[in-house]
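Peer 1: After the structure tokens below, expect a handful of questions from me.
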Amino acid sequence: MDAGLLFAVAAAVVWGTYLFVLKRAFADYPPAALTVAVNAAALGWFLAGTGLTVGFGDAAAGLAGIAVPRRFAVVAGTCVATAAAFVLFLRAIEDGAVSYVAPINKVVPMFVLPLEVGLLGQVLAPIQVAGVVVTTLAVYVANYEPGSFFAPLARAARSRPAQLALASAACYAVGDVGKRVALQELAIPGTLWVPLLLAGVAVVLLPAAVRTPIDASREDVPKFLAAGALVAVGEHLTTVAFAALPASVASPVINTQAIVAVVLGGVLLGERHFRLRLVAAVLAVVGVAMIAG
């Protein structure tokens with residue numbers, strides 16, 4: 001198996017586990033403050049790991065170029081979109097089951113395609129159009145309950161977790177486009193990109209975090225450090241995968257994290273409609289792969 005593909009698969013496992021951990025251990029924390037705390041821990045882990053392994057030579061060389069307006073705009077826009085996406089996702093799993101929210105949230109390519117067509121001039125192949133249909137079907141299945149044909153669509157329209165998950169997916173799509181531009185077209189080194197993203201998201205959310213701080217004790221520190229370690233590893237693996245593979249390959253593989261989250265949520269948390277939502281997760285992944293072409 002190609003090394004880049006291995007990194008993408010590993011990233012999917014890490015992110016799927018992280019989604020489950022968020023629901024299991026962090027459901028009662030304010031989303032903005034939680035994100036800032038976890039990102040701060042992740043930044044510490046990443047800087048320590050980088051310093052002990054490859055060093056900061058590439059990062060230092062690329063840092064001066066960030067001041068270029070286009071590069072700064074891409075970094076800033078990606079950070080804002082990623083921050084919004086994550087907070088919306090946290091709010092979604094506050095109100096809904098992981099096995100319900102995850103398949104809906106992972107339809108990111110359904111939003112990426114219009115952005116790429118409109119901004120980057122991408123032409124859609126028939127299989128990609130079919131992928132949009134399959135991905136939309138995943139949202140339908142995730143909302144399915146016995147009743148009329150349109151009942152799941154109506155439920156998704158009324159369901160706050162579904163609305164938040166879809167809004168999060170749209171923001172993640174903006175972030176993904178920014179990430180692809182940053183890592184591929186602008187060639188920002190991964191050792192610089194990950195700290196910029198982690199710190200940038202934290203800075204964006206810091207005002208909200210200050211208004212609604214975390215009520216935590218010293219006993220909570222280990223789990224924040226553990227969550228930060230997961231994020232640091234996940235961001236590193238994701239960045240390496242995007243640098244080594246075409247985005248059309250890395251993105252669908254990494255988005256299989258939905259299956260990991262659904263399985264963990266169904267098996268360990270005993271969430272309702274597990275089998276149906278597992279089907280929805282698989283459909284979402286298949287649709288994503290088709291969209292990737």
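Residues in the structure tokens are named by chain (A, B, ... in the order shown) and by number from 1 within that chain; ligands are numbered from 1 in the order shown.
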Do a neighbour search on A:Phe56 at 9 Å with only C-alpha atoms, toss out local chain neighbours closer than 6 positions, and write the hits as a ChimeraX atom specification.

Peer 2: /A:47,50,191-192

Peer 1: If you keep all heavy atoms, can you produce a file of those selected residues as a CSV table (one decimal), in the first residue's frame?

Peer 2:
chain,number,residue,atom,x,y,z
A,47,LEU,N,4.6,20.7,18.5
A,47,LEU,CA,5.9,21.4,18.6
A,47,LEU,C,7.0,20.5,19.3
A,47,LEU,O,8.1,20.5,18.8
A,47,LEU,CB,5.8,22.7,19.3
A,47,LEU,CG,4.9,23.8,18.6
A,47,LEU,CD1,4.8,25.0,19.5
A,47,LEU,CD2,5.5,24.1,17.2
A,50,THR,N,7.8,17.7,16.8
A,50,THR,CA,8.6,18.2,15.7
A,50,THR,C,10.0,18.5,16.1
A,50,THR,O,11.0,18.2,15.4
A,50,THR,CB,7.9,19.4,15.0
A,50,THR,OG1,6.6,19.1,14.6
A,50,THR,CG2,8.7,20.0,13.8
A,191,THR,N,5.2,21.2,8.6
A,191,THR,CA,5.7,21.6,9.9
A,191,THR,C,5.3,23.0,10.3
A,191,THR,O,5.4,23.4,11.5
A,191,THR,CB,7.2,21.4,10.0
A,191,THR,OG1,7.9,22.1,8.9
A,191,THR,CG2,7.6,19.9,10.0
A,192,LEU,N,5.0,23.8,9.3
A,192,LEU,CA,4.5,25.1,9.5
A,192,LEU,C,3.0,25.2,9.5
A,192,LEU,O,2.3,25.9,10.3
A,192,LEU,CB,5.1,26.1,8.5
A,192,LEU,CG,4.6,27.6,8.5
A,192,LEU,CD1,4.9,28.2,9.9
A,192,LEU,CD2,5.2,28.4,7.4

Peer 1: Excluding same-chain residues fewer than 6 positions from A:Thr82, what lies within 10 Å of it counting only C-alpha atoms, as an MDAnalysis selection string?

Peer 2: chainID A and resid 76 88 168:169 171:176 178:179 197:198 200:201 204

Peer 1: Considering only C-alpha atoms, can you say which of A:Ala37, A:Ala261, A:Ala280, A:Ala97 comes closest to A:Ser159?

Peer 2: A:Ala97

Peer 1: I'd like the interatomic distance between atom CA of A:Ile66 and atom CA of A:Ala187, to a tenth of an Å.

Peer 2: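 Atom CA of A:Ala187 lies at a distance of 11.1 Å from atom CA of A:Ile66.
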
Peer 1: Between A:Ala226, A:Val231, A:Val262, A:Leu237, which has the minimum distance to A:Ala42 (counting only C-alpha atoms)?

Peer 2: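 Nearest to A:Ala42: A:Val231.
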
Peer 1: Give me, please, the distance in Å between atom CA of A:Ala182 and atom CA of A:Ala10, quoted to one decimal.

Peer 2: 21.8 Å

Peer 1: Out of A:Ala11, A:Ala170, A:Ala48, A:Ala40, which residue has the shortest atom-to-atom distance to A:Phe86 when counting only C-alpha atoms?

Peer 2: A:Ala170

Peer 1: Restricting the calculation to only C-alpha atoms: of A:Ala216, A:Val134, A:Ile254, A:Ala289, which residue gets closest to A:Phe26?

Peer 2: A:Ala216

Peer 1: I'd like to know which residues of stretch 194-269 of chain A are alpha helix (DSSP H) (by DSSP, run on the backbone); could you write them as number ranges by chain?

Peer 2: A: 194-211, 221-244, 247-254, 257-268

Peer 1: Mind checking which residues fall within 7 Å of A:Ile93, counting only C-alpha atoms, ignoring those fewer than 5 positions away in the same chain, and posting them as a VMD selection string?

Peer 2: chain A and resid 23 98 101 161

Peer 1: Take the selection from the previous step and output its residues with N, CA, C and O atoms, as a PDB file, in the first residue's frame.

Peer 2:
ATOM      1  N   LYS A  23     -17.677  13.046  22.271  1.00  0.00           N
ATOM      2  CA  LYS A  23     -19.015  12.769  22.786  1.00  0.00           C
ATOM      3  C   LYS A  23     -18.943  12.109  24.156  1.00  0.00           C
ATOM      4  O   LYS A  23     -19.745  12.409  25.047  1.00  0.00           O
ATOM      5  N   VAL A  98     -23.702  10.501  18.220  1.00  0.00           N
ATOM      6  CA  VAL A  98     -22.556  10.482  17.311  1.00  0.00           C
ATOM      7  C   VAL A  98     -22.894   9.705  16.046  1.00  0.00           C
ATOM      8  O   VAL A  98     -22.550  10.110  14.932  1.00  0.00           O
ATOM      9  N   VAL A 101     -25.014  12.048  13.863  1.00  0.00           N
ATOM     10  CA  VAL A 101     -24.371  13.273  13.388  1.00  0.00           C
ATOM     11  C   VAL A 101     -23.217  12.983  12.434  1.00  0.00           C
ATOM     12  O   VAL A 101     -23.055  13.658  11.414  1.00  0.00           O
ATOM     13  N   PRO A 161     -29.576  18.929  15.321  1.00  0.00           N
ATOM     14  CA  PRO A 161     -28.282  18.275  15.099  1.00  0.00           C
ATOM     15  C   PRO A 161     -27.946  18.111  13.621  1.00  0.00           C
ATOM     16  O   PRO A 161     -26.794  18.298  13.213  1.00  0.00           O
TER      17      PRO A 161
END

Peer 1: Just want the 12 Å neighbourhood of A:Pro31, counted on only C-alpha atoms, with same-chain residues fewer than 4 positions away dropped. Output as a PyMOL selection string.

Peer 2: chain A and resi 22-23+26-27+35-39+83-94+202+205-206+208-214

Peer 1: Those selected residues, please, written with N, CA, C and O atoms and delivered as a compact mmCIF listing (two decimals), in the first residue's frame.

Peer 2:
# COMPACT_ATOMS: atom_id res chain seq x y z
N LEU A 22 -14.87 12.92 21.96
CA LEU A 22 -15.55 14.19 22.21
C LEU A 22 -16.93 13.97 22.83
O LEU A 22 -17.31 14.64 23.79
N LYS A 23 -17.68 13.05 22.27
CA LYS A 23 -19.02 12.77 22.79
C LYS A 23 -18.94 12.11 24.16
O LYS A 23 -19.74 12.41 25.05
N PHE A 26 -16.32 14.91 26.62
CA PHE A 26 -16.30 16.38 26.60
C PHE A 26 -17.65 16.99 26.26
O PHE A 26 -17.72 18.16 25.86
N ALA A 27 -18.71 16.25 26.44
CA ALA A 27 -20.03 16.72 26.01
C ALA A 27 -20.50 17.95 26.78
O ALA A 27 -21.31 18.74 26.27
N THR A 35 -12.38 23.84 22.31
CA THR A 35 -11.51 23.84 21.13
C THR A 35 -10.19 24.54 21.41
O THR A 35 -9.12 24.05 21.01
N VAL A 36 -10.26 25.68 22.09
CA VAL A 36 -9.03 26.42 22.41
C VAL A 36 -8.12 25.58 23.30
O VAL A 36 -6.91 25.49 23.06
N ALA A 37 -8.70 24.95 24.32
CA ALA A 37 -7.89 24.15 25.24
C ALA A 37 -7.26 22.95 24.55
O ALA A 37 -6.07 22.66 24.73
N VAL A 38 -8.05 22.25 23.75
CA VAL A 38 -7.53 21.06 23.07
C VAL A 38 -6.48 21.46 22.03
O VAL A 38 -5.44 20.80 21.89
N ASN A 39 -6.74 22.54 21.30
CA ASN A 39 -5.76 22.99 20.30
C ASN A 39 -4.46 23.44 20.95
O ASN A 39 -3.38 23.23 20.39
N ALA A 83 -12.48 26.62 12.40
CA ALA A 83 -12.99 26.93 13.74
C ALA A 83 -14.51 26.85 13.77
O ALA A 83 -15.11 26.24 14.67
N ALA A 84 -15.15 27.47 12.79
CA ALA A 84 -16.61 27.44 12.73
C ALA A 84 -17.12 26.01 12.56
O ALA A 84 -18.09 25.60 13.21
N ALA A 85 -16.45 25.24 11.71
CA ALA A 85 -16.88 23.86 11.46
C ALA A 85 -16.82 23.03 12.72
O ALA A 85 -17.75 22.26 13.03
N PHE A 86 -15.73 23.17 13.47
CA PHE A 86 -15.57 22.33 14.66
C PHE A 86 -16.56 22.71 15.75
O PHE A 86 -17.14 21.84 16.41
N VAL A 87 -16.77 24.00 15.95
CA VAL A 87 -17.73 24.43 16.97
C VAL A 87 -19.14 23.97 16.60
O VAL A 87 -19.90 23.49 17.46
N LEU A 88 -19.50 24.09 15.34
CA LEU A 88 -20.82 23.62 14.90
C LEU A 88 -20.96 22.12 15.11
O LEU A 88 -22.02 21.63 15.52
N PHE A 89 -19.88 21.38 14.84
CA PHE A 89 -19.94 19.93 15.04
C PHE A 89 -20.10 19.60 16.52
O PHE A 89 -20.88 18.70 16.89
N LEU A 90 -19.38 20.30 17.39
CA LEU A 90 -19.51 20.06 18.82
C LEU A 90 -20.94 20.32 19.29
O LEU A 90 -21.49 19.57 20.11
N ARG A 91 -21.53 21.37 18.77
CA ARG A 91 -22.92 21.67 19.14
C ARG A 91 -23.86 20.58 18.62
O ARG A 91 -24.86 20.24 19.26
N ALA A 92 -23.53 20.03 17.46
CA ALA A 92 -24.37 18.97 16.89
C ALA A 92 -24.34 17.72 17.76
O ALA A 92 -25.38 17.11 18.02
N ILE A 93 -23.14 17.31 18.22
CA ILE A 93 -23.08 16.09 19.03
C ILE A 93 -23.52 16.34 20.47
O ILE A 93 -23.77 15.39 21.20
N GLU A 94 -23.62 17.61 20.87
CA GLU A 94 -24.23 17.91 22.16
C GLU A 94 -25.71 17.51 22.13
O GLU A 94 -26.25 16.98 23.10
N ALA A 202 -7.46 28.51 17.38
CA ALA A 202 -7.55 28.91 18.78
C ALA A 202 -7.71 30.42 18.92
O ALA A 202 -8.51 30.90 19.74
N LEU A 205 -11.25 31.57 18.08
CA LEU A 205 -12.26 31.22 19.07
C LEU A 205 -11.96 31.76 20.47
O LEU A 205 -12.79 31.62 21.38
N LEU A 206 -10.81 32.39 20.65
CA LEU A 206 -10.41 32.84 21.98
C LEU A 206 -11.41 33.82 22.61
O LEU A 206 -11.73 33.67 23.81
N ALA A 208 -14.64 34.05 22.30
CA ALA A 208 -15.80 33.27 22.77
C ALA A 208 -15.41 32.39 23.94
O ALA A 208 -16.19 32.18 24.88
N ALA A 209 -14.19 31.87 23.92
CA ALA A 209 -13.72 31.01 25.01
C ALA A 209 -13.59 31.80 26.31
O ALA A 209 -13.87 31.28 27.39
N VAL A 210 -13.17 33.04 26.20
CA VAL A 210 -13.03 33.89 27.39
C VAL A 210 -14.40 34.19 28.00
O VAL A 210 -14.57 34.23 29.22
N ARG A 211 -15.39 34.37 27.13
CA ARG A 211 -16.75 34.68 27.62
C ARG A 211 -17.38 33.47 28.31
O ARG A 211 -18.16 33.62 29.25
N THR A 212 -17.07 32.27 27.82
CA THR A 212 -17.64 31.05 28.41
C THR A 212 -16.50 30.09 28.72
O THR A 212 -16.27 29.12 27.99
N PRO A 213 -15.77 30.34 29.81
CA PRO A 213 -14.59 29.52 30.11
C PRO A 213 -14.97 28.12 30.58
O PRO A 213 -16.11 27.84 30.96
N ILE A 214 -13.98 27.26 30.53
CA ILE A 214 -14.16 25.88 30.98
C ILE A 214 -14.11 25.82 32.50
O ILE A 214 -13.22 26.40 33.13

Peer 1: Quick one: residues within 9 Å of A:Leu278, only C-alpha atoms, excluding same-chain residues fewer than 2 positions away - as a PyMOL selection string?

Peer 2: chain A and resi 99+103+142+258-259+262-263+266+273-276+280-283

Peer 1: Skip A:Gly234 itself and residues of its chain fewer than 4 positions away, then list as a PyMOL selection string all residues within 9 Å of it, counting only C-alpha atoms.

Peer 2: chain A and resi 10-15+18+229-230+238-239

Peer 1: Using only C-alpha atoms, find the one residue out of A:Ala102, A:Ile188, A:Ala232, A:Val54 that sits nearest to A:Leu164.

Peer 2: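 Of the candidates, the smallest distance to A:Leu164 is held by A:Ala102.
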